[in-house]
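Following: one structure in structure tokens, then a few remarks.
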Amino acid sequence: MFKNFKILKSIINVYNNSPWHAAFTYPISYIFIAYILVGIFGAISASLNFKYTFLIYISIFFIFSTYLTPIWVFVGLIVSNKKKPYVLSLIIGLGLLFILFYVVNLATVNLEVK
């Protein structure tokens, strides 16, 4: 099916050959690396008195790009032969996100100004 598309075939091989790494290791490591780069670019920009706004734009790009990691997992769910790692990754990731939102909601309910 994808004989002429070598890049696409190699990406599909990543999903099929190591589904646990593609579902957990790669997205999590990307998020950590992206936020480390955000911190580095933000610190450099702050040390230069925010003269170079393109560093801030790069940081904002990295922050928003971390929200694309579920797309990587959804593509793995569609493309891969083994579905279990991707389903578990989505359940764990989205479940932790909802738990975080719930805890923040409980922690900040008494901080309202009346």
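Identifiers in this document derive from the order of the structure tokens: chains are assigned A, B, ..., residues are numbered from 1 separately in each chain, and ligands are numbered from 1 in order of occurrence.
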Kindly provide the residues of segment 50-71 of chain A that approach segment 19-29 of chain A to within 10 Å, each paired with its closest atom pair and their distance in Å to one decimal, based on only C-alpha atoms, listed by chain and increasing number, as JSON lines.
{"residue": "A:Thr66", "atom": "CA", "partner": "A:Pro27", "partner_atom": "CA", "distance": 8.4}
{"residue": "A:Leu68", "atom": "CA", "partner": "A:Pro27", "partner_atom": "CA", "distance": 9.3}
{"residue": "A:Thr69", "atom": "CA", "partner": "A:Pro27", "partner_atom": "CA", "distance": 5.7}
{"residue": "A:Pro70", "atom": "CA", "partner": "A:Pro27", "partner_atom": "CA", "distance": 8.1}
{"residue": "A:Ile71", "atom": "CA", "partner": "A:Pro27", "partner_atom": "CA", "distance": 9.9}
**OP:** Excluding Val79 of chain A and residues on its chain fewer than 3 positions from it, collect all residues at most 8 Å away from it, counting only C-alpha atoms, and give them as number ranges by chain.
**Re:** A: 12, 15, 75-76
Subject >> Two-atom distance - atom CA of Leu37 of chain A, atom CA of Ile63 of chain A (Å) >> reply: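 Atom-to-atom, atom CA of Leu37 of chain A and atom CA of Ile63 of chain A are spaced 9.4 Å apart.
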**OP:** Write out as number ranges by chain each polymer residue whose atoms come within 8 Å of Ile56 of chain A, counting only C-alpha atoms; drop sequence neighbours fewer than 6 positions from it.
**Re:** A: 41-42, 45
Using N, CA and C atoms, can you write the selected residues to a file as an mmCIF file, in the first residue's frame?
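The resulting file, out_21.cif, is reproduced below:
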data_model
loop_
_atom_site.group_PDB
_atom_site.id
_atom_site.type_symbol
_atom_site.label_atom_id
_atom_site.label_comp_id
_atom_site.auth_asym_id
_atom_site.auth_seq_id
_atom_site.Cartn_x
_atom_site.Cartn_y
_atom_site.Cartn_z
ATOM 1 N N PHE A 41 14.846 28.849 26.748
ATOM 2 C CA PHE A 41 14.570 30.023 25.913
ATOM 3 C C PHE A 41 13.991 31.170 26.727
ATOM 4 N N GLY A 42 13.149 30.853 27.693
ATOM 5 C CA GLY A 42 12.596 31.899 28.554
ATOM 6 C C GLY A 42 13.664 32.550 29.413
ATOM 7 N N SER A 45 15.796 34.774 27.176
ATOM 8 C CA SER A 45 15.056 35.981 26.831
ATOM 9 C C SER A 45 14.968 36.934 28.023
#
Original post:
Could you write out, as a PyMOL selection string, all the residues of chain A that DSSP marks as alpha helix (DSSP H)?
Top reply: chain A and resi 6-17+19-20+26-47+53-65+69-79+84-108
Original post:
Just how far from atom CA of Lys84 of chain A is atom CA of Phe5 of chain A, in Å to one decimal?
Top reply: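 Pair atom CA of Phe5 of chain A / atom CA of Lys84 of chain A returns 26.5 Å.
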Original post:
Near Leu77 of chain A, within 10 Å and counting only C-alpha atoms, which residues show up once chain neighbours fewer than 3 positions away are dropped, as a list in words?
Top reply: Tyr15, Pro19, Ala23, Ile71, Trp72, Val73, Phe74, Ser80, Asn81, Lys82, Lys83, Lys84, Pro85, Tyr86, Val87, Ser89 and Leu90 of chain A
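Using only C-alpha atoms, the nearest neighbour of Ser59 of chain A within the list A:Ile78, A:Ile33, A:Leu106, A:Leu8 is A:Ile33.
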